[in-house]
$ cat start.txt   # compact mmCIF, C-alpha atoms
# COMPACT_ATOMS: atom_id res chain seq x y z
CA MET A 1 -13.15 -5.16 8.15
CA LYS A 2 -15.52 -3.95 5.48
CA LYS A 3 -14.80 -5.60 2.18
CA ARG A 4 -13.53 -3.20 -0.44
CA TYR A 5 -15.55 -4.87 -3.17
CA PHE A 6 -18.69 -6.96 -3.46
CA LEU A 7 -17.86 -10.13 -5.35
CA VAL A 8 -20.03 -13.21 -5.78
CA VAL A 9 -18.78 -16.33 -7.51
CA LEU A 10 -21.89 -17.88 -8.99
CA LEU A 11 -20.37 -21.02 -10.38
CA GLY A 12 -16.94 -22.42 -9.56
CA MET A 13 -16.81 -25.00 -12.32
CA LEU A 14 -19.10 -24.87 -15.33
CA PHE A 15 -18.01 -28.23 -16.68
CA ALA A 16 -15.84 -30.87 -15.06
CA ALA A 17 -12.89 -31.97 -17.14
CA PRO A 18 -12.30 -35.70 -17.61
CA ALA A 19 -10.27 -37.30 -14.83
CA ALA A 20 -7.56 -38.67 -17.11
CA ARG A 21 -5.99 -36.36 -19.66
CA ALA A 22 -2.70 -34.79 -20.63
CA GLU A 23 -2.67 -31.66 -18.47
CA LEU A 24 -1.29 -28.36 -19.71
CA GLN A 25 0.90 -26.75 -17.03
CA ILE A 26 3.89 -24.45 -17.13
CA ASP A 27 7.03 -25.68 -15.39
CA VAL A 28 7.95 -22.72 -13.18
CA SER A 29 10.76 -24.42 -11.29
CA GLY A 30 13.30 -22.45 -13.33
CA GLY A 31 13.34 -19.33 -15.46
CA VAL A 32 10.80 -19.42 -18.28
CA SER A 33 12.58 -18.27 -21.44
CA ASN A 34 9.65 -19.10 -23.74
CA PRO A 35 6.36 -17.78 -22.31
CA LEU A 36 3.29 -19.94 -22.89
CA PRO A 37 1.35 -18.76 -25.99
CA ILE A 38 -2.32 -18.18 -25.18
CA ALA A 39 -5.24 -16.95 -27.26
CA PHE A 40 -7.77 -14.55 -25.75
CA PRO A 41 -10.45 -13.45 -28.23
CA GLU A 42 -12.61 -10.38 -27.67
CA MET A 43 -15.19 -10.91 -24.94
CA ILE A 44 -18.64 -11.87 -26.26
CA SER A 45 -20.92 -9.00 -25.25
CA SER A 46 -24.68 -8.36 -25.13
CA SER A 47 -24.68 -4.56 -25.48
CA PRO A 48 -22.40 -1.61 -26.31
CA ILE A 49 -21.97 -0.89 -22.58
CA ALA A 50 -21.11 -4.53 -21.85
CA LYS A 51 -18.71 -4.49 -24.80
CA ASP A 52 -16.89 -1.46 -23.34
CA PHE A 53 -16.50 -3.11 -19.93
CA GLY A 54 -15.43 -6.32 -21.65
CA GLU A 55 -12.65 -4.57 -23.52
CA ARG A 56 -11.36 -3.00 -20.31
CA ILE A 57 -11.49 -6.27 -18.37
CA ARG A 58 -9.72 -8.14 -21.13
CA GLU A 59 -6.94 -5.54 -21.33
CA VAL A 60 -6.26 -5.81 -17.58
CA VAL A 61 -6.22 -9.63 -17.66
CA ILE A 62 -3.76 -9.62 -20.54
CA ALA A 63 -1.55 -7.02 -18.83
CA ASP A 64 -1.47 -9.06 -15.61
CA LEU A 65 -0.54 -12.28 -17.39
CA GLU A 66 2.09 -10.75 -19.65
CA ARG A 67 3.66 -8.83 -16.77
CA SER A 68 4.30 -12.15 -14.99
CA GLY A 69 6.67 -13.11 -17.82
CA LEU A 70 5.09 -16.56 -18.07
CA PHE A 71 2.55 -15.91 -20.84
CA ARG A 72 2.52 -14.48 -24.36
CA LEU A 73 -0.69 -13.30 -26.01
CA ILE A 74 -1.13 -14.41 -29.63
CA PRO A 75 -2.23 -11.41 -31.77
CA GLU A 76 -5.93 -11.34 -32.60
CA ASN A 77 -5.38 -10.85 -36.33
CA SER A 78 -4.05 -14.40 -36.54
CA TYR A 79 -7.19 -16.02 -35.07
CA ILE A 80 -9.06 -18.31 -37.45
CA GLN A 81 -12.22 -19.20 -35.53
CA GLN A 82 -14.53 -16.37 -34.50
CA ILE A 83 -16.30 -17.57 -31.35
CA LYS A 84 -19.86 -16.23 -31.16
CA SER A 85 -21.17 -17.82 -27.94
CA ILE A 86 -19.80 -18.76 -24.54
CA ASN A 87 -21.43 -22.16 -25.09
CA GLU A 88 -19.64 -22.75 -28.39
CA VAL A 89 -17.04 -25.50 -28.22
CA PRO A 90 -13.76 -24.28 -29.75
CA ALA A 91 -12.60 -25.59 -33.12
CA PHE A 92 -9.37 -26.86 -31.59
CA ASN A 93 -7.59 -27.42 -34.90
CA ASP A 94 -7.99 -23.71 -35.68
CA TRP A 95 -6.23 -22.80 -32.43
CA LYS A 96 -3.56 -25.46 -32.86
CA ALA A 97 -2.82 -23.97 -36.28
CA ILE A 98 -1.71 -20.71 -34.64
CA ASN A 99 0.25 -22.56 -31.92
CA ALA A 100 -2.05 -21.59 -29.06
CA ASN A 101 -1.52 -23.82 -26.03
CA ALA A 102 -4.42 -22.34 -24.08
CA LEU A 103 -7.60 -20.51 -25.06
CA VAL A 104 -9.51 -18.05 -22.85
CA GLN A 105 -13.19 -17.84 -23.81
CA THR A 106 -15.25 -15.10 -22.14
CA ALA A 107 -18.64 -13.41 -22.24
CA ILE A 108 -20.10 -10.36 -20.51
CA GLN A 109 -23.58 -8.95 -20.13
CA GLU A 110 -25.36 -6.30 -18.11
CA SER A 111 -27.36 -7.56 -15.17
CA GLY A 112 -29.77 -4.78 -14.29
CA THR A 113 -28.58 -1.18 -14.44
CA ASP A 114 -25.58 -1.39 -12.12
CA SER A 115 -24.23 -4.94 -12.38
CA LEU A 116 -22.34 -7.19 -14.77
CA LYS A 117 -22.27 -10.93 -15.30
CA VAL A 118 -18.93 -12.22 -16.54
CA GLU A 119 -18.26 -15.80 -17.65
CA MET A 120 -14.86 -17.35 -18.33
CA ARG A 121 -13.73 -20.72 -19.67
CA LEU A 122 -10.12 -21.83 -19.98
CA TRP A 123 -9.37 -24.51 -22.58
CA ASP A 124 -6.38 -26.78 -23.04
CA VAL A 125 -6.09 -26.63 -26.82
CA TYR A 126 -4.01 -29.76 -27.41
CA ALA A 127 -5.86 -31.94 -24.90
CA GLU A 128 -9.13 -30.44 -26.20
CA ASN A 129 -10.50 -30.13 -22.68
CA GLN A 130 -11.91 -27.36 -20.55
CA MET A 131 -9.57 -26.72 -17.63
CA LYS A 132 -11.62 -24.17 -15.70
CA GLY A 133 -14.93 -22.35 -15.83
CA GLN A 134 -16.19 -19.50 -13.69
CA SER A 135 -19.05 -17.02 -13.62
CA PHE A 136 -19.15 -13.76 -11.63
CA SER A 137 -21.86 -11.27 -10.76
CA THR A 138 -20.50 -7.91 -9.64
CA PRO A 139 -21.23 -4.16 -9.60
CA LYS A 140 -19.92 -2.32 -12.64
CA SER A 141 -17.59 -0.33 -10.40
CA ASN A 142 -15.87 -3.62 -9.54
CA TRP A 143 -14.83 -4.43 -13.09
CA ARG A 144 -11.09 -4.03 -12.49
CA ARG A 145 -11.06 -6.45 -9.57
CA ILE A 146 -12.95 -9.03 -11.65
CA ALA A 147 -10.15 -8.76 -14.21
CA HIS A 148 -7.51 -9.47 -11.54
CA VAL A 149 -9.51 -12.44 -10.22
CA ILE A 150 -9.77 -13.90 -13.74
CA ALA A 151 -6.03 -13.42 -14.24
CA ASP A 152 -5.36 -15.17 -10.93
CA THR A 153 -7.59 -18.07 -11.97
CA ILE A 154 -5.77 -18.53 -15.27
CA TYR A 155 -2.36 -18.16 -13.62
CA GLU A 156 -3.13 -20.73 -10.93
CA ARG A 157 -4.62 -23.27 -13.34
CA LEU A 158 -1.69 -23.07 -15.75
CA THR A 159 1.18 -22.85 -13.25
CA GLY A 160 -0.12 -24.80 -10.26
CA GLU A 161 0.71 -21.81 -8.02
CA LYS A 162 -1.60 -19.22 -6.51
CA GLY A 163 -1.86 -15.95 -8.40
CA TYR A 164 -0.95 -12.55 -6.98
CA PHE A 165 -2.83 -10.05 -9.15
CA ASP A 166 -5.79 -9.41 -6.82
CA THR A 167 -3.56 -7.65 -4.27
CA ARG A 168 -2.50 -4.20 -3.14
CA ILE A 169 0.82 -2.47 -2.52
CA VAL A 170 1.53 0.06 0.21
CA TYR A 171 4.73 2.07 -0.20
CA ILE A 172 6.46 5.33 0.68
CA SER A 173 5.78 8.11 -1.81
CA GLU A 174 8.75 10.49 -2.04
CA THR A 175 8.74 14.06 -3.33
CA GLY A 176 10.86 17.17 -2.91
CA PRO A 177 14.61 17.82 -2.81
CA ALA A 178 16.96 15.51 -0.95
CA THR A 179 17.41 17.97 1.92
CA ARG A 180 13.64 18.39 2.43
CA ARG A 181 12.22 15.05 1.33
CA ILE A 182 8.49 14.55 1.89
CA LYS A 183 7.61 10.91 2.54
CA ARG A 184 4.03 9.73 2.93
CA LEU A 185 2.14 6.46 2.86
CA ALA A 186 0.46 5.54 -0.41
CA ILE A 187 -1.56 2.51 -1.47
CA MET A 188 -2.48 1.09 -4.88
CA ASP A 189 -3.42 -2.10 -6.69
CA GLN A 190 -0.45 -4.27 -7.64
CA ASP A 191 -0.59 -2.90 -11.20
CA GLY A 192 -0.41 0.72 -10.02
CA GLU A 193 -4.11 1.55 -10.43
CA ASN A 194 -6.55 2.85 -7.78
CA HIS A 195 -3.77 4.90 -6.25
CA LYS A 196 -4.33 7.05 -3.16
CA PHE A 197 -2.33 8.64 -0.35
CA LEU A 198 -2.90 7.52 3.25
CA THR A 199 -0.95 10.24 5.07
CA SER A 200 -0.57 13.95 4.38
CA GLY A 201 3.21 14.18 4.35
CA SER A 202 3.36 16.44 7.40
CA SER A 203 5.35 13.70 9.16
CA LEU A 204 7.99 11.51 7.57
CA VAL A 205 7.03 7.81 7.45
CA LEU A 206 9.01 4.65 6.63
CA THR A 207 8.86 0.82 6.40
CA PRO A 208 5.13 0.07 6.13
CA ARG A 209 3.90 -3.51 6.54
CA PHE A 210 0.44 -5.04 6.07
CA SER A 211 -1.25 -7.12 8.74
CA PRO A 212 -1.95 -10.61 7.35
CA ASN A 213 -5.69 -10.10 7.91
CA MET A 214 -5.54 -6.97 5.70
CA GLN A 215 -7.11 -4.66 8.27
CA LYS A 216 -4.12 -2.56 9.26
CA ILE A 217 -0.72 -1.20 8.27
CA THR A 218 2.16 -0.72 10.70
CA TYR A 219 4.99 1.73 10.02
CA LEU A 220 7.55 4.12 11.50
CA SER A 221 6.52 7.76 11.82
CA TYR A 222 8.45 10.89 12.81
CA SER A 223 5.26 12.61 13.98
CA GLY A 224 6.89 13.56 17.32
CA THR A 225 10.38 14.38 18.54
CA VAL A 226 11.32 10.67 18.64
CA PRO A 227 10.50 8.20 15.83
CA LYS A 228 7.80 5.74 16.89
CA VAL A 229 5.88 2.76 15.51
CA TYR A 230 2.24 3.33 14.62
CA ILE A 231 -0.65 1.26 13.32
CA LEU A 232 -3.06 2.67 10.74
CA ASP A 233 -6.55 1.24 10.27
CA ILE A 234 -7.01 1.18 6.49
CA GLU A 235 -10.80 1.56 6.59
CA THR A 236 -11.13 4.31 9.21
CA GLY A 237 -7.81 6.11 8.76
CA ARG A 238 -7.25 6.03 12.52
CA GLN A 239 -3.57 6.12 13.57
CA THR A 240 -2.54 4.51 16.88
CA LEU A 241 0.80 4.71 18.68
CA VAL A 242 2.26 1.29 19.54
CA GLY A 243 3.47 1.11 23.13
CA ASN A 244 4.96 3.76 25.38
CA PHE A 245 8.69 3.38 24.81
CA PRO A 246 10.87 6.35 25.90
CA GLY A 247 13.31 5.76 23.04
CA MET A 248 13.07 5.12 19.32
CA THR A 249 11.01 2.19 17.98
CA PHE A 250 11.20 1.12 14.35
CA ALA A 251 11.15 -1.78 11.81
CA PRO A 252 7.71 -3.15 12.80
CA VAL A 253 6.16 -6.34 11.40
CA PHE A 254 2.98 -8.28 12.22
CA SER A 255 2.88 -11.91 13.31
CA PRO A 256 1.20 -14.37 10.90
CA ASP A 257 -2.01 -14.30 12.96
CA SER A 258 -1.98 -10.45 13.16
CA ASN A 259 -2.17 -10.60 16.98
CA LYS A 260 1.43 -9.59 17.72
CA LEU A 261 3.94 -7.06 16.52
CA LEU A 262 7.71 -7.30 16.37
CA MET A 263 9.74 -4.10 16.40
CA SER A 264 13.19 -2.79 17.19
CA TYR A 265 13.71 -0.57 20.25
CA ALA A 266 16.84 1.60 20.54
CA ASN A 267 17.92 2.55 24.05
CA ASN A 268 21.30 3.41 25.64
CA GLY A 269 23.23 2.63 22.47
CA LYS A 270 21.76 -0.84 22.05
CA THR A 271 18.92 -1.97 19.81
CA ASN A 272 16.85 -5.02 20.70
CA ILE A 273 13.84 -6.77 19.22
CA TYR A 274 10.63 -6.58 21.22
CA GLU A 275 7.32 -8.34 20.78
CA MET A 276 3.99 -6.75 21.69
CA ASP A 277 0.72 -8.63 22.08
CA LEU A 278 -1.77 -6.29 20.41
CA ARG A 279 -4.65 -7.73 22.42
CA THR A 280 -3.16 -7.35 25.91
CA LYS A 281 -0.61 -4.59 25.08
CA GLN A 282 2.01 -6.62 26.97
CA THR A 283 5.57 -6.37 25.64
CA LYS A 284 8.61 -8.56 26.08
CA ARG A 285 12.21 -8.31 24.92
CA ILE A 286 13.23 -11.11 22.55
CA THR A 287 16.96 -10.38 22.14
CA GLN A 288 19.55 -9.40 24.76
CA PRO A 289 21.14 -5.91 25.02
CA ILE A 290 24.56 -6.82 23.62
CA SER A 291 24.27 -5.63 20.00
CA ILE A 292 22.16 -3.91 17.39
CA ASP A 293 19.35 -6.31 16.42
CA THR A 294 16.76 -5.16 13.90
CA SER A 295 14.63 -5.92 10.81
CA PRO A 296 12.79 -8.94 12.28
CA SER A 297 10.53 -11.15 10.17
CA TYR A 298 8.43 -14.12 11.31
CA SER A 299 8.44 -17.47 9.58
CA PRO A 300 5.00 -18.28 8.10
CA ASP A 301 4.15 -20.56 11.02
CA GLY A 302 5.24 -17.93 13.56
CA LYS A 303 7.69 -20.30 15.25
CA GLN A 304 10.92 -18.61 14.13
CA ILE A 305 12.24 -15.11 13.48
CA VAL A 306 14.95 -13.97 11.08
CA PHE A 307 16.71 -10.67 11.78
CA ASN A 308 19.97 -8.85 11.14
CA SER A 309 22.52 -8.10 13.85
CA ASP A 310 26.08 -6.85 14.33
CA ARG A 311 26.69 -9.24 17.24
CA GLY A 312 29.40 -11.02 15.23
CA GLY A 313 31.24 -7.80 14.36
CA ASP A 314 29.41 -6.79 11.20
CA GLN A 315 25.87 -6.87 9.85
CA GLN A 316 24.70 -10.45 9.24
CA LEU A 317 21.51 -12.52 9.25
CA TYR A 318 20.43 -14.67 12.17
CA VAL A 319 17.51 -17.01 12.87
CA MET A 320 16.07 -17.71 16.31
CA ASN A 321 13.02 -19.33 17.85
CA ALA A 322 10.11 -16.96 18.46
CA ASP A 323 10.97 -16.84 22.18
CA GLY A 324 14.55 -15.71 21.45
CA SER A 325 16.24 -19.08 21.99
CA ASP A 326 18.62 -20.93 19.66
CA ILE A 327 20.06 -17.88 17.88
CA HIS A 328 22.31 -18.92 15.01
CA ARG A 329 23.88 -17.12 12.08
CA ILE A 330 22.79 -18.06 8.56
CA SER A 331 24.66 -15.60 6.27
CA PHE A 332 28.30 -16.41 5.48
CA GLY A 333 28.97 -14.78 2.12
CA SER A 334 31.16 -11.74 1.63
CA GLY A 335 29.63 -8.38 2.49
CA ARG A 336 26.91 -7.18 4.85
CA TYR A 337 23.30 -8.40 4.95
CA ALA A 338 20.11 -6.55 5.91
CA THR A 339 16.28 -6.41 5.68
CA PRO A 340 15.59 -10.18 5.72
CA VAL A 341 12.03 -11.25 4.86
CA TRP A 342 10.70 -14.80 5.15
CA SER A 343 8.82 -16.11 2.11
CA PRO A 344 5.07 -16.78 2.61
CA ARG A 345 5.80 -20.37 1.56
CA GLY A 346 8.57 -20.71 4.12
CA ASP A 347 11.09 -21.95 1.56
CA TYR A 348 13.32 -18.85 1.20
CA ILE A 349 14.51 -15.76 3.01
CA ALA A 350 15.00 -12.66 0.85
CA PHE A 351 17.55 -10.00 1.84
CA THR A 352 19.51 -6.91 0.86
CA LYS A 353 23.26 -7.40 0.51
CA MET A 354 26.04 -4.80 0.34
CA ALA A 355 29.40 -5.89 -1.07
CA ASN A 356 32.20 -4.26 -3.08
CA GLY A 357 30.37 -0.96 -3.38
CA GLU A 358 27.26 -2.57 -4.87
CA PHE A 359 23.81 -3.41 -3.53
CA TYR A 360 22.07 -6.73 -4.23
CA ILE A 361 18.69 -8.37 -3.74
CA GLY A 362 19.09 -12.06 -2.99
CA VAL A 363 17.48 -15.16 -1.53
CA MET A 364 18.73 -18.09 0.52
CA TYR A 365 17.24 -21.12 2.22
CA PRO A 366 16.32 -20.65 5.89
CA ASP A 367 19.41 -22.60 6.93
CA GLY A 368 21.62 -20.15 4.99
CA THR A 369 22.47 -22.44 2.08
CA GLY A 370 21.66 -21.85 -1.58
CA GLU A 371 22.34 -18.10 -1.67
CA ARG A 372 21.40 -16.56 -5.03
CA LEU A 373 21.60 -12.89 -6.05
CA LEU A 374 18.67 -11.79 -8.22
CA ALA A 375 19.24 -8.06 -8.80
CA SER A 376 22.04 -5.57 -8.33
CA GLY A 377 22.66 -1.87 -8.70
CA TYR A 378 23.85 1.40 -7.27
CA LEU A 379 21.03 1.06 -4.71
CA VAL A 380 18.57 -1.83 -4.57
CA GLU A 381 16.93 -2.45 -1.22
CA ALA A 382 14.03 -3.67 0.93
CA PRO A 383 12.68 -6.79 -0.80
CA VAL A 384 9.14 -7.98 -0.03
CA TRP A 385 7.29 -11.05 -1.27
CA ALA A 386 4.15 -11.45 -3.33
CA PRO A 387 1.65 -13.56 -1.36
CA ASN A 388 2.39 -16.64 -3.48
CA GLY A 389 6.15 -16.47 -2.75
CA ARG A 390 6.96 -16.36 -6.46
CA VAL A 391 7.75 -12.67 -7.06
CA LEU A 392 9.74 -10.07 -5.14
CA MET A 393 9.28 -6.30 -5.09
CA TYR A 394 11.95 -3.80 -3.99
CA PHE A 395 13.06 -0.26 -4.71
CA ARG A 396 15.90 0.82 -6.95
CA GLN A 397 17.83 4.05 -7.42
CA ASP A 398 20.26 4.19 -10.30
CA LYS A 399 23.38 6.34 -10.21
CA GLY A 400 22.54 9.80 -11.54
CA THR A 401 24.65 12.93 -11.82
CA SER A 402 23.96 13.29 -8.11
CA ARG A 403 22.13 11.22 -5.50
CA SER A 404 19.45 13.90 -5.13
CA ASN A 405 18.29 13.90 -8.76
CA ALA A 406 18.26 10.14 -9.42
CA PRO A 407 14.70 8.77 -9.36
CA VAL A 408 13.69 6.10 -6.87
CA ARG A 409 11.39 3.44 -8.34
CA LEU A 410 9.70 0.17 -7.41
CA TYR A 411 10.59 -3.01 -9.30
CA THR A 412 9.46 -6.61 -9.36
CA ILE A 413 11.49 -9.67 -10.25
CA ASP A 414 10.75 -13.38 -10.49
CA LEU A 415 12.18 -15.68 -7.83
CA THR A 416 14.41 -17.19 -10.53
CA GLY A 417 16.01 -13.79 -11.27
CA TYR A 418 14.16 -13.27 -14.56
CA ASN A 419 11.63 -10.67 -15.66
CA GLU A 420 12.66 -7.53 -13.76
CA ARG A 421 9.99 -4.86 -14.35
CA MET A 422 9.40 -1.33 -13.11
CA VAL A 423 6.14 -0.59 -11.28
CA ILE A 424 4.69 2.76 -12.37
CA THR A 425 3.95 5.21 -9.54
CA PRO A 426 3.02 8.92 -9.74
CA THR A 427 6.02 9.94 -7.58
CA ASP A 428 9.31 8.46 -6.48
CA ALA A 429 8.65 5.32 -4.46
CA SER A 430 10.45 3.23 -1.82
CA ASP A 431 9.83 0.73 1.02
CA PRO A 432 7.09 -1.36 -0.62
CA ALA A 433 4.89 -3.92 1.17
CA TRP A 434 2.71 -6.47 -0.60
CA SER A 435 -0.72 -7.39 0.74
CA PRO A 436 -2.16 -10.89 0.95
CA LEU A 437 -4.77 -11.80 -1.67
CA LEU A 438 -7.84 -9.64 -1.11
CA PRO A 439 -10.76 -11.32 0.69

$ encode --input "start.txt" --output "structure tokens"
Amino acid sequence: MKKRYFLVVLLGMLFAAPAARAELQIDVSGGVSNPLPIAFPEMISSSPIAKDFGERIREVVIADLERSGLFRLIPENSYIQQIKSINEVPAFNDWKAINANALVQTAIQESGTDSLKVEMRLWDVYAENQMKGQSFSTPKSNWRRIAHVIADTIYERLTGEKGYFDTRIVYISETGPATRRIKRLAIMDQDGENHKFLTSGSSLVLTPRFSPNMQKITYLSYSGTVPKVYILDIETGRQTLVGNFPGMTFAPVFSPDSNKLLMSYANNGKTNIYEMDLRTKQTKRITQPISIDTSPSYSPDGKQIVFNSDRGGDQQLYVMNADGSDIHRISFGSGRYATPVWSPRGDYIAFTKMANGEFYIGVMYPDGTGERLLASGYLVEAPVWAPNGRVLMYFRQDKGTSRSNAPVRLYTIDLTGYNERMVITPTDASDPAWSPLLP
């Protein structure tokens, strides 16, 4: 796969922090009611052009961090020290006086006519130590990605978890009246920027999923008389039919190594889960033709599969080994369960739940214990995980005067159930999928 951006990290650590010190780190094991206050002065720039890029980069970094719900930017008008050089050691007492826990110190300069050099240092104000230092050389056109990478660096250093800002979202863009809905694939950065459509809308598409190696997207398309699963190469735009099934195939998902594909196949009133090896094109049935089995999702190690089935009488969640053995039910709460998705960390399974006329987004442990409901509404559905397993995205439709005129929107929420936020898209949006971190 061709890389979407050219990014070179020149220096991973500008200065090594002392081995023994009191380390600043946010406890993210529960909901964070008081976001960490950080100071982020204007980027030190070498020219008017560099200054303009610096302002844009800084705005994106701040937006990423604040949107996570874990950080709060201290207003610039309260800053006491005016840092003039990237090599200037902060006057820590000045930053303590405004209650800054962390300080982001940055500089930017032009490197030739088409490139930028960006430097960043993250300081622990109370320990008076540098926590992280990085320097990047990149084309000017790449400025937005540099901002996401910087935000990821800060997030990881202060939370101990990987960031998720340098990622993309593929989703279903919806337009038109309810009786003639146009649904097409669209892709964007996780903050809604760099948006583009991947399909024309001539055929209805649903349930896109990224391959873990970022090269392809699989999805359901109604391009023929019978709905089928397709794979789209992101770089070339080439669409390929998966398999030669006479009936309907749907709900596709890649294996963790991107070499296999799980999907549901409906035939003679039964729906089973099949696995296709994308290298050999060989297929095998994983579940037996006794029920409706669908919405499969691999565990991160590829050894197990979670899916929903009506084999017990109503729609519930089940886990089995990747070869179809040892099938056991894991959902036992009231209501029906659907669209299970295994966390990238392996610690939770997210799901959609329908109970008492309401929809819910929830999580449970892989053994079915610890069920928690994070969001609810007239219609909330199809959760997917950020690559760090910390944040969920799903789509929501609130109850309008009629189903046809109520907007459909994407939302994110923290694993703890805090910080629900709408993701801005140019049209109605459903069926999101979150990419891994970009290479």

$ atom_distance --input "start.txt" --atom1 "CA of Pro252 in chain A" --atom2 "CA of Arg209 in chain A"
7.3 Å

$ residues_around --input "start.txt" --residues "Leu204 in chain A" --least-positions-apart "2" --cutoff "9 Å" --atoms "all atoms listed in the file" --output "PyMOL selection string"
chain A and resi 181-184+201-202+206+220-223

$ residues_near_point --input "start.txt" --point "(16.4, -24.2, 0.8)" --cutoff "10 Å" --atoms "all atoms listed in the file" --output "ChimeraX atom specification"
/A:346-349,363-371

$ residues_near_point --input "start.txt" --point "(11.2, -15.2, 7.2)" --cutoff "8 Å" --atoms "all atoms listed in the file" --output "list of chain:residue names"
A:Ser297, A:Tyr298, A:Ser299, A:Pro300, A:Gln304, A:Ile305, A:Val306, A:Pro340, A:Val341, A:Trp342, A:Ser343, A:Pro344, A:Gly346, A:Tyr348, A:Ile349, A:Ala350, A:Pro366

$ atom_distance --input "start.txt" --atom1 "CA of Ile74 in chain A" --atom2 "CA of Ala39 in chain A"
5.4 Å

$ residues_around --input "start.txt" --residues "Asp233 in chain A" --least-positions-apart "5" --cutoff "8 Å" --atoms "only C-alpha atoms" --output "number ranges by chain"
A: 215-217, 238-239

$ atom_distance --input "start.txt" --atom1 "CA of Phe359 in chain A" --atom2 "CA of Val205 in chain A"
23.0 Å

$ residues_around --input "start.txt" --residues "Ser45 in chain A" --least-positions-apart "2" --cutoff "6 Å" --atoms "all atoms listed in the file" --output "mmCIF file with C-alpha atoms, keeping the file's coordinate frame"
data_model
loop_
_atom_site.group_PDB
_atom_site.id
_atom_site.type_symbol
_atom_site.label_atom_id
_atom_site.label_comp_id
_atom_site.auth_asym_id
_atom_site.auth_seq_id
_atom_site.Cartn_x
_atom_site.Cartn_y
_atom_site.Cartn_z
ATOM 1 C CA SER A 47 -24.680 -4.560 -25.480
ATOM 2 C CA ALA A 50 -21.110 -4.530 -21.850
ATOM 3 C CA LYS A 51 -18.710 -4.490 -24.800
ATOM 4 C CA ALA A 107 -18.640 -13.410 -22.240
ATOM 5 C CA ILE A 108 -20.100 -10.360 -20.510
ATOM 6 C CA GLN A 109 -23.580 -8.950 -20.130
#

$ closest_residue --input "start.txt" --among "A:Thr175, A:Gln82, A:Ser141, A:Thr280" --to "Ile57 in chain A" --atoms "all atoms listed in the file"
A:Ser141

$ axis_aligned_box --input "start.txt" --around "range 392-401 of chain A" --padding-each-side "4 Å" --output "JSON"
{"center_x": 17.0, "center_y": 1.4, "center_z": -7.9, "size_x": 23.4, "size_y": 31.0, "size_z": 15.8}

$ residues_around --input "start.txt" --residues "Ile361 in chain A" --least-positions-apart "2" --cutoff "12 Å" --atoms "all atoms listed in the file" --output "compact mmCIF listing (two decimals) with C-alpha atoms, in the frame of the given file"
# COMPACT_ATOMS: atom_id res chain seq x y z
CA ARG A 336 26.91 -7.18 4.85
CA TYR A 337 23.30 -8.40 4.95
CA ALA A 338 20.11 -6.55 5.91
CA THR A 339 16.28 -6.41 5.68
CA PRO A 340 15.59 -10.18 5.72
CA VAL A 341 12.03 -11.25 4.86
CA ILE A 349 14.51 -15.76 3.01
CA ALA A 350 15.00 -12.66 0.85
CA PHE A 351 17.55 -10.00 1.84
CA THR A 352 19.51 -6.91 0.86
CA LYS A 353 23.26 -7.40 0.51
CA MET A 354 26.04 -4.80 0.34
CA ALA A 355 29.40 -5.89 -1.07
CA GLU A 358 27.26 -2.57 -4.87
CA PHE A 359 23.81 -3.41 -3.53
CA VAL A 363 17.48 -15.16 -1.53
CA MET A 364 18.73 -18.09 0.52
CA GLU A 371 22.34 -18.10 -1.67
CA ARG A 372 21.40 -16.56 -5.03
CA LEU A 373 21.60 -12.89 -6.05
CA LEU A 374 18.67 -11.79 -8.22
CA ALA A 375 19.24 -8.06 -8.80
CA SER A 376 22.04 -5.57 -8.33
CA GLY A 377 22.66 -1.87 -8.70
CA TYR A 378 23.85 1.40 -7.27
CA LEU A 379 21.03 1.06 -4.71
CA VAL A 380 18.57 -1.83 -4.57
CA GLU A 381 16.93 -2.45 -1.22
CA ALA A 382 14.03 -3.67 0.93
CA PRO A 383 12.68 -6.79 -0.80
CA VAL A 384 9.14 -7.98 -0.03
CA TRP A 385 7.29 -11.05 -1.27
CA LEU A 392 9.74 -10.07 -5.14
CA MET A 393 9.28 -6.30 -5.09
CA TYR A 394 11.95 -3.80 -3.99
CA PHE A 395 13.06 -0.26 -4.71
CA ARG A 396 15.90 0.82 -6.95
CA TYR A 411 10.59 -3.01 -9.30
CA THR A 412 9.46 -6.61 -9.36
CA ILE A 413 11.49 -9.67 -10.25
CA ASP A 414 10.75 -13.38 -10.49
CA LEU A 415 12.18 -15.68 -7.83
CA THR A 416 14.41 -17.19 -10.53
CA GLY A 417 16.01 -13.79 -11.27
CA GLU A 420 12.66 -7.53 -13.76

$ closest_residue --input "start.txt" --among "A:Ala151, A:Asn194, A:Asn99, A:Ile187" --to "Val61 in chain A" --atoms "all atoms listed in the file"
A:Ala151

$ residues_around --input "start.txt" --residues "Met320 in chain A" --least-positions-apart "3" --cutoff "9 Å" --atoms "only C-alpha atoms" --output "list of chain:residue names"
A:Lys303, A:Gln304, A:Ile305, A:Val306, A:Phe307, A:Asp323, A:Gly324, A:Ser325, A:Asp326, A:Ile327, A:His328, A:Arg329

$ closest_residue --input "start.txt" --among "A:Thr113, A:Ser68, A:Asn388, A:Thr159" --to "Thr138 in chain A" --atoms "all atoms listed in the file"
A:Thr113

$ closest_residue --input "start.txt" --among "A:Trp123, A:Phe92, A:Tyr171, A:Phe136" --to "Val104 in chain A" --atoms "only C-alpha atoms"
A:Trp123

$ closest_residue --input "start.txt" --among "A:Thr425, A:Thr207, A:Pro41, A:Ser264" --to "Asp189 in chain A" --atoms "all atoms listed in the file"
A:Thr425
